[in-house]
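Structure file protein17.cif; described as mmCIF, C-alpha atoms and all ligand atoms.
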data_start
#
loop_
_atom_site.label_atom_id
_atom_site.label_comp_id
_atom_site.auth_asym_id
_atom_site.auth_seq_id
_atom_site.Cartn_x
_atom_site.Cartn_y
_atom_site.Cartn_z
CA MET A 1 -44.12 -15.12 142.25
CA LYS A 2 -47.66 -14.20 141.23
CA ILE A 3 -50.03 -15.20 144.01
CA LEU A 4 -53.79 -15.38 143.80
CA VAL A 5 -55.18 -14.47 147.23
CA THR A 6 -58.74 -15.64 147.95
CA GLY A 7 -60.35 -13.59 150.71
CA GLY A 8 -57.65 -10.96 150.25
CA ALA A 9 -59.90 -8.12 151.42
CA GLY A 10 -60.42 -9.77 154.82
CA TYR A 11 -58.57 -9.14 158.07
CA ILE A 12 -55.68 -11.59 157.64
CA GLY A 13 -55.74 -11.51 153.83
CA SER A 14 -55.25 -7.74 153.66
CA HIS A 15 -52.28 -7.81 156.05
CA THR A 16 -50.77 -10.67 154.06
CA ALA A 17 -51.36 -8.76 150.80
CA VAL A 18 -49.27 -5.87 152.17
CA GLU A 19 -46.41 -8.19 153.17
CA LEU A 20 -46.50 -9.97 149.79
CA LEU A 21 -46.40 -6.71 147.83
CA ASP A 22 -43.71 -5.21 150.09
CA SER A 23 -41.51 -8.22 149.45
CA GLY A 24 -41.81 -7.96 145.68
CA HIS A 25 -44.49 -10.53 144.87
CA GLU A 26 -47.36 -9.82 142.50
CA ILE A 27 -50.87 -10.50 143.76
CA VAL A 28 -54.37 -11.02 142.38
CA VAL A 29 -57.22 -10.73 144.88
CA VAL A 30 -60.47 -12.69 144.62
CA ASP A 31 -63.17 -11.83 147.17
CA ASN A 32 -66.97 -11.69 147.18
CA TYR A 33 -66.87 -9.08 150.00
CA ILE A 34 -69.38 -11.00 152.10
CA ASN A 35 -67.37 -10.03 155.18
CA SER A 36 -65.24 -7.17 153.86
CA SER A 37 -65.20 -4.17 151.56
CA PRO A 38 -63.34 -3.32 148.35
CA LYS A 39 -62.19 -0.17 150.19
CA VAL A 40 -59.71 -2.38 152.06
CA LEU A 41 -57.88 -3.06 148.79
CA ASP A 42 -57.51 0.66 148.07
CA ARG A 43 -55.85 1.01 151.45
CA VAL A 44 -53.51 -1.88 150.61
CA ARG A 45 -52.61 -0.06 147.36
CA GLU A 46 -52.09 3.18 149.27
CA LEU A 47 -49.89 1.52 151.94
CA THR A 48 -47.67 -0.34 149.49
CA GLY A 49 -47.68 2.13 146.60
CA LYS A 50 -48.37 -0.87 144.34
CA ASP A 51 -51.31 -1.72 142.14
CA PHE A 52 -52.78 -5.17 141.56
CA GLU A 53 -55.82 -6.79 139.99
CA SER A 54 -58.83 -7.57 142.14
CA PHE A 55 -62.00 -9.43 141.20
CA GLU A 56 -65.38 -9.55 142.90
CA CYS A 57 -66.02 -13.26 142.66
CA ASP A 58 -67.40 -16.04 144.83
CA ILE A 59 -64.96 -18.94 144.81
CA ARG A 60 -67.93 -21.27 144.25
CA ASP A 61 -68.49 -19.64 140.83
CA LYS A 62 -66.38 -22.09 138.83
CA LYS A 63 -66.84 -20.41 135.47
CA LYS A 64 -65.80 -16.97 136.66
CA LEU A 65 -62.96 -18.32 138.80
CA THR A 66 -61.62 -20.28 135.83
CA GLU A 67 -61.68 -17.13 133.68
CA ILE A 68 -59.73 -15.27 136.39
CA PHE A 69 -57.10 -18.03 136.55
CA GLN A 70 -56.81 -18.11 132.74
CA LYS A 71 -56.50 -14.34 132.54
CA THR A 72 -54.07 -13.79 135.43
CA LYS A 73 -52.02 -17.02 135.35
CA PRO A 74 -51.01 -17.23 139.03
CA ASP A 75 -48.12 -19.43 140.22
CA ALA A 76 -49.64 -20.13 143.63
CA VAL A 77 -52.74 -19.57 145.74
CA ILE A 78 -53.14 -18.40 149.33
CA HIS A 79 -56.63 -19.43 150.36
CA PHE A 80 -58.21 -17.26 153.08
CA ALA A 81 -61.77 -17.11 151.74
CA GLY A 82 -64.27 -18.60 154.14
CA LEU A 83 -66.86 -17.92 156.78
CA LYS A 84 -65.36 -17.84 160.27
CA SER A 85 -67.90 -17.28 163.01
CA VAL A 86 -68.08 -20.23 165.40
CA GLY A 87 -71.51 -19.24 166.81
CA GLU A 88 -73.03 -18.50 163.40
CA SER A 89 -71.81 -21.85 162.10
CA VAL A 90 -73.89 -23.64 164.73
CA MET A 91 -77.02 -21.85 163.46
CA LYS A 92 -76.11 -22.12 159.75
CA PRO A 93 -74.18 -25.38 159.28
CA LEU A 94 -75.20 -25.89 155.65
CA GLU A 95 -74.06 -22.39 154.69
CA TYR A 96 -70.68 -23.09 156.34
CA TYR A 97 -70.22 -26.48 154.69
CA ASP A 98 -71.26 -25.03 151.34
CA ASN A 99 -69.11 -21.91 151.49
CA ASN A 100 -66.00 -23.35 153.12
CA ILE A 101 -65.86 -26.95 151.93
CA TYR A 102 -67.62 -26.77 148.56
CA GLY A 103 -65.85 -23.43 147.88
CA THR A 104 -62.47 -25.05 148.52
CA VAL A 105 -63.32 -28.04 146.30
CA VAL A 106 -64.23 -25.69 143.43
CA LEU A 107 -61.01 -23.72 143.96
CA LEU A 108 -58.94 -26.92 143.89
CA GLU A 109 -60.71 -28.13 140.73
CA VAL A 110 -59.93 -24.85 139.00
CA MET A 111 -56.32 -24.96 140.20
CA ARG A 112 -55.90 -28.51 138.90
CA ALA A 113 -57.49 -27.67 135.55
CA CYS A 114 -55.20 -24.64 135.18
CA GLY A 115 -52.06 -26.47 136.32
CA VAL A 116 -51.58 -24.42 139.53
CA LYS A 117 -50.27 -26.81 142.16
CA LYS A 118 -49.14 -24.65 145.06
CA ILE A 119 -51.55 -23.68 147.82
CA VAL A 120 -51.31 -22.24 151.32
CA PHE A 121 -54.48 -22.83 153.36
CA SER A 122 -55.77 -20.97 156.43
CA SER A 123 -56.56 -23.60 159.01
CA SER A 124 -57.06 -23.15 162.72
CA ALA A 125 -55.94 -24.42 166.10
CA THR A 126 -59.54 -25.49 166.48
CA VAL A 127 -58.72 -28.71 164.53
CA TYR A 128 -56.85 -30.04 167.60
CA GLY A 129 -60.17 -30.30 169.45
CA GLY A 130 -60.02 -30.67 173.21
CA GLY A 131 -58.20 -33.97 173.55
CA ASN A 132 -54.56 -32.82 173.58
CA VAL A 133 -52.54 -31.22 176.36
CA PRO A 134 -50.98 -27.90 175.26
CA PRO A 135 -48.52 -26.87 173.96
CA LEU A 136 -50.11 -28.23 170.79
CA ARG A 137 -47.78 -29.84 168.27
CA GLU A 138 -48.52 -30.47 164.60
CA ASP A 139 -48.12 -34.23 165.04
CA MET A 140 -50.81 -34.44 167.73
CA PRO A 141 -54.11 -36.04 166.73
CA VAL A 142 -56.77 -33.78 165.23
CA GLY A 143 -60.53 -34.15 165.49
CA GLY A 144 -63.28 -33.73 168.03
CA THR A 145 -64.27 -30.31 166.74
CA THR A 146 -67.31 -28.94 168.54
CA ASN A 147 -68.89 -26.72 165.87
CA PRO A 148 -69.44 -26.76 162.08
CA TYR A 149 -66.84 -24.02 161.49
CA GLY A 150 -64.12 -26.14 163.09
CA THR A 151 -65.35 -29.20 161.24
CA THR A 152 -65.00 -27.40 157.90
CA LYS A 153 -61.31 -26.76 158.69
CA LEU A 154 -60.80 -30.40 159.65
CA HIS A 155 -62.46 -31.68 156.45
CA ILE A 156 -60.57 -29.25 154.23
CA GLU A 157 -57.26 -30.42 155.75
CA LYS A 158 -58.27 -33.99 154.85
CA ILE A 159 -59.37 -33.03 151.34
CA LEU A 160 -55.99 -31.36 150.78
CA SER A 161 -54.12 -34.46 152.00
CA ASP A 162 -56.23 -36.71 149.77
CA LEU A 163 -55.50 -34.46 146.81
CA TYR A 164 -51.78 -34.84 147.41
CA VAL A 165 -52.11 -38.65 147.49
CA ALA A 166 -53.80 -38.51 144.08
CA ASP A 167 -51.35 -35.99 142.60
CA ASN A 168 -48.02 -35.77 144.34
CA LEU A 169 -46.91 -32.74 142.37
CA PHE A 170 -49.02 -30.55 144.67
CA SER A 171 -47.26 -28.41 147.30
CA ILE A 172 -49.78 -27.92 150.05
CA VAL A 173 -49.14 -25.84 153.15
CA ILE A 174 -51.64 -25.97 155.98
CA LEU A 175 -51.21 -23.15 158.49
CA ARG A 176 -52.97 -23.61 161.81
CA TYR A 177 -53.51 -20.12 163.21
CA PHE A 178 -53.91 -19.53 166.91
CA ASN A 179 -55.56 -16.20 167.92
CA PRO A 180 -54.69 -13.36 165.54
CA ILE A 181 -55.10 -9.83 166.95
CA GLY A 182 -53.44 -6.45 166.31
CA ALA A 183 -53.33 -4.34 163.19
CA HIS A 184 -50.92 -2.78 160.71
CA ASP A 185 -48.73 -0.07 162.30
CA SER A 186 -50.23 2.57 160.01
CA GLY A 187 -53.72 2.13 161.49
CA ARG A 188 -55.06 2.00 157.90
CA ILE A 189 -56.03 -1.68 157.90
CA GLY A 190 -57.32 -3.83 160.75
CA GLU A 191 -60.11 -6.09 161.91
CA ALA A 192 -63.58 -4.73 161.12
CA PRO A 193 -66.19 -7.18 162.37
CA ASN A 194 -69.79 -6.83 161.19
CA GLY A 195 -72.16 -6.14 164.08
CA LEU A 196 -71.33 -7.36 167.55
CA PRO A 197 -67.78 -8.76 167.75
CA ASN A 198 -67.42 -12.43 168.72
CA ASN A 199 -63.76 -12.26 169.58
CA LEU A 200 -62.04 -10.80 172.60
CA MET A 201 -59.82 -8.04 171.18
CA PRO A 202 -62.37 -6.32 168.92
CA TYR A 203 -64.80 -6.43 171.83
CA ILE A 204 -62.23 -4.76 174.11
CA THR A 205 -61.44 -2.03 171.56
CA GLN A 206 -65.14 -1.29 171.03
CA VAL A 207 -65.64 -0.96 174.79
CA ALA A 208 -62.58 1.30 174.91
CA CYS A 209 -64.01 3.64 172.29
CA GLY A 210 -67.46 3.71 173.90
CA LYS A 211 -69.32 1.81 171.16
CA LEU A 212 -70.02 -1.01 173.62
CA GLU A 213 -70.66 -0.54 177.28
CA CYS A 214 -69.08 -3.50 178.99
CA LEU A 215 -66.97 -6.56 178.17
CA ARG A 216 -68.34 -9.87 179.40
CA VAL A 217 -65.56 -12.14 180.62
CA PHE A 218 -66.83 -15.63 179.91
CA GLY A 219 -66.03 -17.45 183.13
CA ASP A 220 -63.39 -17.06 185.86
CA ASP A 221 -63.71 -20.57 187.27
CA TYR A 222 -61.48 -22.43 184.80
CA PRO A 223 -58.53 -24.45 186.07
CA THR A 224 -56.03 -21.69 185.18
CA PRO A 225 -54.00 -19.39 187.49
CA ASP A 226 -56.57 -16.54 187.42
CA GLY A 227 -59.58 -18.67 186.44
CA THR A 228 -60.00 -17.22 182.90
CA CYS A 229 -59.18 -19.04 179.64
CA ILE A 230 -55.71 -18.97 178.19
CA ARG A 231 -55.02 -18.40 174.48
CA ASP A 232 -52.03 -17.91 172.21
CA TYR A 233 -52.54 -14.41 170.78
CA ILE A 234 -50.43 -13.67 167.70
CA HIS A 235 -49.94 -10.33 165.96
CA VAL A 236 -51.61 -10.34 162.54
CA VAL A 237 -48.46 -8.89 160.91
CA ASP A 238 -46.37 -11.76 162.30
CA LEU A 239 -49.04 -14.13 161.02
CA ALA A 240 -48.94 -12.48 157.58
CA LYS A 241 -45.15 -12.89 157.49
CA GLY A 242 -45.67 -16.58 158.29
CA HIS A 243 -47.37 -16.94 154.90
CA LEU A 244 -44.33 -15.52 153.13
CA ALA A 245 -42.06 -17.87 155.03
CA ALA A 246 -44.34 -20.76 154.07
CA LEU A 247 -44.21 -19.82 150.39
CA ASN A 248 -40.44 -19.39 150.46
CA GLY A 249 -39.87 -22.60 152.38
CA CYS A 250 -42.39 -24.97 150.84
CA ALA A 251 -43.77 -23.74 147.51
CA ASP A 252 -41.23 -25.76 145.57
CA LYS A 253 -41.47 -28.84 147.77
CA PRO A 254 -44.32 -31.17 146.83
CA GLY A 255 -46.02 -32.59 149.91
CA VAL A 256 -48.39 -31.64 152.68
CA HIS A 257 -46.64 -29.31 155.10
CA ILE A 258 -48.42 -28.44 158.34
CA PHE A 259 -47.36 -25.60 160.65
CA ASN A 260 -48.74 -23.95 163.75
CA LEU A 261 -48.61 -20.17 163.59
CA GLY A 262 -48.62 -19.02 167.19
CA THR A 263 -46.19 -17.48 169.66
CA GLY A 264 -46.00 -20.42 172.04
CA VAL A 265 -47.03 -18.11 174.90
CA GLY A 266 -50.46 -18.18 176.51
CA TYR A 267 -52.27 -15.21 178.05
CA SER A 268 -55.47 -15.28 180.10
CA VAL A 269 -58.44 -13.01 179.41
CA PHE A 270 -57.48 -10.92 182.45
CA ASP A 271 -53.86 -10.73 181.18
CA VAL A 272 -55.14 -9.29 177.89
CA ILE A 273 -57.40 -6.75 179.61
CA ASN A 274 -54.52 -5.66 181.88
CA ALA A 275 -52.06 -5.46 178.98
CA PHE A 276 -54.53 -3.38 176.95
CA GLU A 277 -55.14 -0.97 179.84
CA LYS A 278 -51.42 -0.59 180.52
CA ALA A 279 -50.34 -0.16 176.90
CA ASN A 280 -52.99 2.41 176.09
CA GLY A 281 -53.60 4.13 179.44
CA LEU A 282 -57.32 3.23 179.29
CA LYS A 283 -59.75 1.48 181.60
CA ILE A 284 -61.89 -1.39 180.30
CA ASN A 285 -65.27 -1.82 181.90
CA TYR A 286 -65.90 -5.56 182.35
CA VAL A 287 -68.09 -7.99 184.20
CA VAL A 288 -67.52 -11.70 184.77
CA THR A 289 -70.39 -13.83 183.44
CA GLY A 290 -70.90 -17.56 182.93
CA ARG A 291 -68.78 -19.68 180.63
CA ARG A 292 -69.34 -19.59 176.86
CA ASP A 293 -70.23 -22.99 175.38
CA GLY A 294 -67.37 -24.75 173.65
CA ASP A 295 -64.48 -22.69 175.11
CA LEU A 296 -61.42 -24.75 176.02
CA PRO A 297 -59.63 -23.70 179.23
CA VAL A 298 -56.16 -23.56 177.68
CA CYS A 299 -54.94 -23.43 174.07
CA TYR A 300 -51.45 -22.48 172.96
CA ALA A 301 -49.00 -23.61 170.33
CA ASP A 302 -45.71 -25.35 170.26
CA ALA A 303 -44.29 -23.02 167.61
CA THR A 304 -40.93 -24.70 167.12
CA LYS A 305 -41.64 -26.46 163.81
CA ALA A 306 -42.25 -23.23 161.88
CA ASN A 307 -39.07 -21.83 163.38
CA GLU A 308 -36.93 -24.83 162.57
CA VAL A 309 -38.27 -25.54 159.09
CA LEU A 310 -39.25 -22.06 157.84
CA GLY A 311 -37.01 -19.85 159.95
CA TRP A 312 -40.13 -17.96 161.04
CA ARG A 313 -41.02 -16.85 164.52
CA ALA A 314 -43.50 -14.33 165.91
CA GLU A 315 -41.65 -11.17 166.89
CA ARG A 316 -44.26 -8.91 168.43
CA GLY A 317 -45.42 -9.16 172.02
CA ILE A 318 -48.76 -8.55 173.69
CA GLU A 319 -48.01 -4.84 174.27
CA ASN A 320 -47.61 -4.18 170.55
CA MET A 321 -50.73 -6.25 169.81
CA CYS A 322 -52.71 -4.03 172.20
CA LEU A 323 -51.19 -0.78 170.92
CA THR A 324 -51.85 -1.51 167.26
CA SER A 325 -55.37 -2.86 167.91
CA TRP A 326 -56.26 0.40 169.63
CA ASN A 327 -54.47 2.56 167.05
CA TRP A 328 -56.64 0.95 164.33
CA GLN A 329 -59.90 1.13 166.32
CA SER A 330 -59.43 4.73 167.50
CA LYS A 331 -58.62 5.95 163.99
CA ASN A 332 -61.46 3.93 162.39
CA PRO A 333 -64.27 3.70 164.95
CA ASN A 334 -66.65 2.48 162.25
CA GLY A 335 -64.15 0.27 160.44
CA TYR A 336 -63.95 0.92 156.72
CA ASP A 337 -67.10 3.04 156.78
CA ASP A 338 -65.11 5.99 158.20
P1 LIG B 1 -62.33 -12.39 157.17
O1 LIG B 1 -63.79 -12.71 157.23
O2 LIG B 1 -61.90 -11.03 157.57
O3 LIG B 1 -61.78 -12.70 155.70
C1 LIG B 1 -62.32 -13.71 154.87
C2 LIG B 1 -62.56 -13.10 153.51
O4 LIG B 1 -63.08 -14.10 152.63
C3 LIG B 1 -63.57 -11.96 153.53
O5 LIG B 1 -63.05 -10.84 152.84
C4 LIG B 1 -64.80 -12.54 152.82
O6 LIG B 1 -65.53 -11.53 152.15
C5 LIG B 1 -64.15 -13.55 151.89
N1 LIG B 1 -65.02 -14.67 151.49
C6 LIG B 1 -65.77 -15.47 152.28
N2 LIG B 1 -66.40 -16.39 151.56
C7 LIG B 1 -66.04 -16.18 150.27
C8 LIG B 1 -66.37 -16.83 149.03
N3 LIG B 1 -67.21 -17.87 148.97
N4 LIG B 1 -65.81 -16.35 147.89
C9 LIG B 1 -64.96 -15.29 147.92
N5 LIG B 1 -64.63 -14.66 149.06
C10 LIG B 1 -65.16 -15.09 150.21
O7 LIG B 1 -61.58 -13.50 158.05
P2 LIG B 1 -60.05 -13.56 158.52
O8 LIG B 1 -60.02 -13.36 159.99
O9 LIG B 1 -59.21 -12.71 157.65
O10 LIG B 1 -59.76 -15.10 158.26
C11 LIG B 1 -59.17 -15.56 157.06
C12 LIG B 1 -59.10 -17.07 157.09
O11 LIG B 1 -58.38 -17.49 158.25
C13 LIG B 1 -60.48 -17.74 157.17
O12 LIG B 1 -60.46 -18.91 156.40
C14 LIG B 1 -60.59 -18.09 158.65
O13 LIG B 1 -61.44 -19.18 158.87
C15 LIG B 1 -59.14 -18.42 159.00
N6 LIG B 1 -58.86 -18.27 160.44
C16 LIG B 1 -59.13 -17.08 161.06
C17 LIG B 1 -58.89 -16.96 162.44
C18 LIG B 1 -59.21 -15.66 163.14
O14 LIG B 1 -59.29 -15.69 164.38
N7 LIG B 1 -59.38 -14.54 162.47
C19 LIG B 1 -58.36 -18.04 163.17
C20 LIG B 1 -58.09 -19.23 162.48
C21 LIG B 1 -58.33 -19.34 161.11
N1 LIG B 2 -63.87 -13.93 175.54
C1 LIG B 2 -64.51 -13.22 176.54
N2 LIG B 2 -65.41 -12.26 176.18
C2 LIG B 2 -65.70 -11.96 174.88
C3 LIG B 2 -65.03 -12.69 173.86
C4 LIG B 2 -64.13 -13.66 174.23
O1 LIG B 2 -64.29 -13.46 177.73
O2 LIG B 2 -66.53 -11.09 174.62
C5 LIG B 2 -62.89 -14.95 175.92
C6 LIG B 2 -63.28 -16.34 175.43
O3 LIG B 2 -64.09 -16.98 176.37
C7 LIG B 2 -61.92 -16.99 175.27
C8 LIG B 2 -60.98 -15.83 174.89
O4 LIG B 2 -61.67 -14.65 175.29
O5 LIG B 2 -61.50 -17.48 176.51
C9 LIG B 2 -60.69 -15.77 173.40
O6 LIG B 2 -61.93 -15.81 172.69
P1 LIG B 2 -62.03 -15.47 171.13
O7 LIG B 2 -63.47 -15.57 170.76
O8 LIG B 2 -61.31 -14.20 170.85
O9 LIG B 2 -61.17 -16.63 170.46
P2 LIG B 2 -61.36 -18.20 170.51
O10 LIG B 2 -60.11 -18.77 171.10
O11 LIG B 2 -62.63 -18.61 171.11
O12 LIG B 2 -61.55 -18.53 168.96
C10 LIG B 2 -60.52 -18.26 168.01
C11 LIG B 2 -61.12 -17.97 166.64
C12 LIG B 2 -61.80 -19.19 166.09
C13 LIG B 2 -60.91 -20.39 166.15
C14 LIG B 2 -60.36 -20.56 167.54
C15 LIG B 2 -59.36 -21.68 167.63
O13 LIG B 2 -62.07 -16.93 166.72
O14 LIG B 2 -62.08 -18.95 164.74
O15 LIG B 2 -59.70 -19.36 167.95
O16 LIG B 2 -58.38 -21.46 166.68
F1 LIG B 2 -61.61 -21.50 165.81
#
In structure tokens, how does this file's structure come out?
Amino acid sequence: MKILVTGGAGYIGSHTAVELLDSGHEIVVVDNYINSSPKVLDRVRELTGKDFESFECDIRDKKKLTEIFQKTKPDAVIHFAGLKSVGESVMKPLEYYDNNIYGTVVLLEVMRACGVKKIVFSSSATVYGGGNVPPLREDMPVGGTTNPYGTTKLHIEKILSDLYVADNLFSIVILRYFNPIGAHDSGRIGEAPNGLPNNLMPYITQVACGKLECLRVFGDDYPTPDGTCIRDYIHVVDLAKGHLAALNGCADKPGVHIFNLGTGVGYSVFDVINAFEKANGLKINYVVTGRRDGDLPVCYADATKANEVLGWRAERGIENMCLTSWNWQSKNPNGYDD
């Protein structure tokens, strides 16, 4: 298949691009590089030994996006493009609604006009809000998001479902990611946050390499065994493979197909610090501070649906997630600027 990948230069998009190319698909990348660099795509070419077309384009630019679709004639779209910082979204709600929701509407309009009716969308466990008891299943109620970023994911899921009602030739796959960490085994691609990292693993790796002094653990008074929050960390390569499984399993089945992509196993913040120290023989300097607003105590997936329907399951454990995160960070202390 020929797959147009929006946001293909980003963290998850680049790992998925490698898996798609390695399994014989053709890809076309569309990215405006607002949170990435075209250098990432050269590394994807280097890793796979395969070339592909890439376009610097904002998905909100309907004219340019239409020209790209007409020129490249994709069979399907994997839609990663979006802004993803929870904290930033609280300060810049309009930018998030414009980029994520309006951007997706434009993409869907172009797809419809060009007769492309297969899409895989990057959603998030955040759509479950705080009202369900984990493990979280796809049939549990969604809603109650606590920040504009999460609300964009919720609205886009609804827009996709409404689109299917209006045109039931669409095959729509909604993938709800849990907490992706880790990097490609080569250490050539990985997560390269701009400025201060928001997420746990990039913060840990930047403390490990001396770029940051000390990790702040946001609260140790949660109702969990060690008092820190529990999350379902999933290796980004497993996550990338989940997209292939979704395409193979659902691309030819009209409908709205929703899957959690997680491991089904929860680790606390202290578990992750300990696993990182053990896997890499390093010490992480940390201090416990107050809670971060909006953090749920416990969030992990019931991952059985993806296994039963798609035959996919996460294969890598926390040790490999820690090893590959550090391999990437230590080889690229300044991300793609090295
Ligand atoms: P990322 O920021 O590394 O990648 C997103 C890419 O989209 C970037 O390359 C960025 O330049 C591009 N982009 C953003 N807006 C664009 C626009 N208007 N037009 C064209 N390109 C645009 O993020 P990621 O971690 O790879 O996440 C990919 C997707 O998965 C996002 O939609 C994100 O919300 C979702 N997601 C991520 C996580 C996570 O923890 N990383 C968890 C759940 C869901
Ligand atoms: N944490 C720290 N210190 C840090 C960063 C994080 O203690 O410096 C803790 C958090 O409090 C939380 C855990 O580490 O308990 C994980 O935090 P992350 O920021 O790495 O991940 P979140 O679970 O908060 O958020 C992630 C994605 C969001 C997505 C959400 C739900 O970043 O995009 O999962 O899917 F919305």
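Restricting the calculation to all atoms listed in the file, the smallest distance between Val40 (chain A) and any of A:Ala240, A:Tyr102, A:Asp338, A:Gly255 is found for A:Asp338.
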Would you kindly identify which residues have an atom no farther than 12 Å from (-54.1, -34.6, 150.9), using all atoms listed in the file and the file's own coordinates, and write them out as a PyMOL selection string?
chain A and resi 108+119+154-174+254-258
Write the residues of the selection above to a file with C-alpha atoms, as a PDB file, keeping the file's coordinate frame.
ATOM      1  CA  LEU A 108     -58.940 -26.920 143.890  1.00  0.00           C
ATOM      2  CA  ILE A 119     -51.550 -23.680 147.820  1.00  0.00           C
ATOM      3  CA  LEU A 154     -60.800 -30.400 159.650  1.00  0.00           C
ATOM      4  CA  HIS A 155     -62.460 -31.680 156.450  1.00  0.00           C
ATOM      5  CA  ILE A 156     -60.570 -29.250 154.230  1.00  0.00           C
ATOM      6  CA  GLU A 157     -57.260 -30.420 155.750  1.00  0.00           C
ATOM      7  CA  LYS A 158     -58.270 -33.990 154.850  1.00  0.00           C
ATOM      8  CA  ILE A 159     -59.370 -33.030 151.340  1.00  0.00           C
ATOM      9  CA  LEU A 160     -55.990 -31.360 150.780  1.00  0.00           C
ATOM     10  CA  SER A 161     -54.120 -34.460 152.000  1.00  0.00           C
ATOM     11  CA  ASP A 162     -56.230 -36.710 149.770  1.00  0.00           C
ATOM     12  CA  LEU A 163     -55.500 -34.460 146.810  1.00  0.00           C
ATOM     13  CA  TYR A 164     -51.780 -34.840 147.410  1.00  0.00           C
ATOM     14  CA  VAL A 165     -52.110 -38.650 147.490  1.00  0.00           C
ATOM     15  CA  ALA A 166     -53.800 -38.510 144.080  1.00  0.00           C
ATOM     16  CA  ASP A 167     -51.350 -35.990 142.600  1.00  0.00           C
ATOM     17  CA  ASN A 168     -48.020 -35.770 144.340  1.00  0.00           C
ATOM     18  CA  LEU A 169     -46.910 -32.740 142.370  1.00  0.00           C
ATOM     19  CA  PHE A 170     -49.020 -30.550 144.670  1.00  0.00           C
ATOM     20  CA  SER A 171     -47.260 -28.410 147.300  1.00  0.00           C
ATOM     21  CA  ILE A 172     -49.780 -27.920 150.050  1.00  0.00           C
ATOM     22  CA  VAL A 173     -49.140 -25.840 153.150  1.00  0.00           C
ATOM     23  CA  ILE A 174     -51.640 -25.970 155.980  1.00  0.00           C
ATOM     24  CA  PRO A 254     -44.320 -31.170 146.830  1.00  0.00           C
ATOM     25  CA  GLY A 255     -46.020 -32.590 149.910  1.00  0.00           C
ATOM     26  CA  VAL A 256     -48.390 -31.640 152.680  1.00  0.00           C
ATOM     27  CA  HIS A 257     -46.640 -29.310 155.100  1.00  0.00           C
ATOM     28  CA  ILE A 258     -48.420 -28.440 158.340  1.00  0.00           C
TER      29      ILE A 258
END
Give the residue list for ligand LIG 2 (chain B) at 9 Å, counting only C-alpha atoms and all ligand atoms, as an MDAnalysis selection string, sorted by chain and then by residue number.
chainID A and resid 84:86 123:129 147 149:150 153 176:181 197:204 215:220 228:233 268:270 272 288:289 291:299
If the limit is 8 Å from any atom of ligand LIG 1 (chain B), counting all atoms listed in the file, which residues qualify? Return them as a PyMOL selection string.
chain A and resi 6-14+30-37+56-60+79-85+99-100+103+121-126+149+153+176-181+191-193+199
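Here CA of Met1 (chain A) and CA of Gly49 (chain A) stand 18.1 Å from one another.
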As a check of understanding: the span from CA of Ala251 (chain A) to CA of Gln70 (chain A) is 20.5 Å
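Every polymer residue reaching to within 12 Å of (-33.9, -16.6, 159.2), counting only C-alpha atoms, appears in this list: Lys241, Gly242, Ala245, Asn248, Gly249, Ala306, Asn307, Glu308, Val309, Leu310, Gly311, Trp312, Arg313 and Ala314 of chain A.
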Which of these, A:Lys62, A:Ala76, A:Gly190, A:Thr304, has the shortest distance to Thr104 (chain A) once you count all atoms listed in the file?
A:Lys62
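In this model, the gap between CA of Val5 (chain A) and CA of Val77 (chain A) comes to 5.8 Å.
Take the candidates A:Leu107, A:Asp139, A:Ile3, A:Leu175 and check each one against Ala246 (chain A) using all atoms listed in the file; the shortest distance goes to A:Leu175.
When all atoms listed in the file are used to measure the gap to Ser330 (chain A), the shortest distance among A:Ser23, A:Asn260, A:Thr205, A:Thr224 belongs to A:Thr205.
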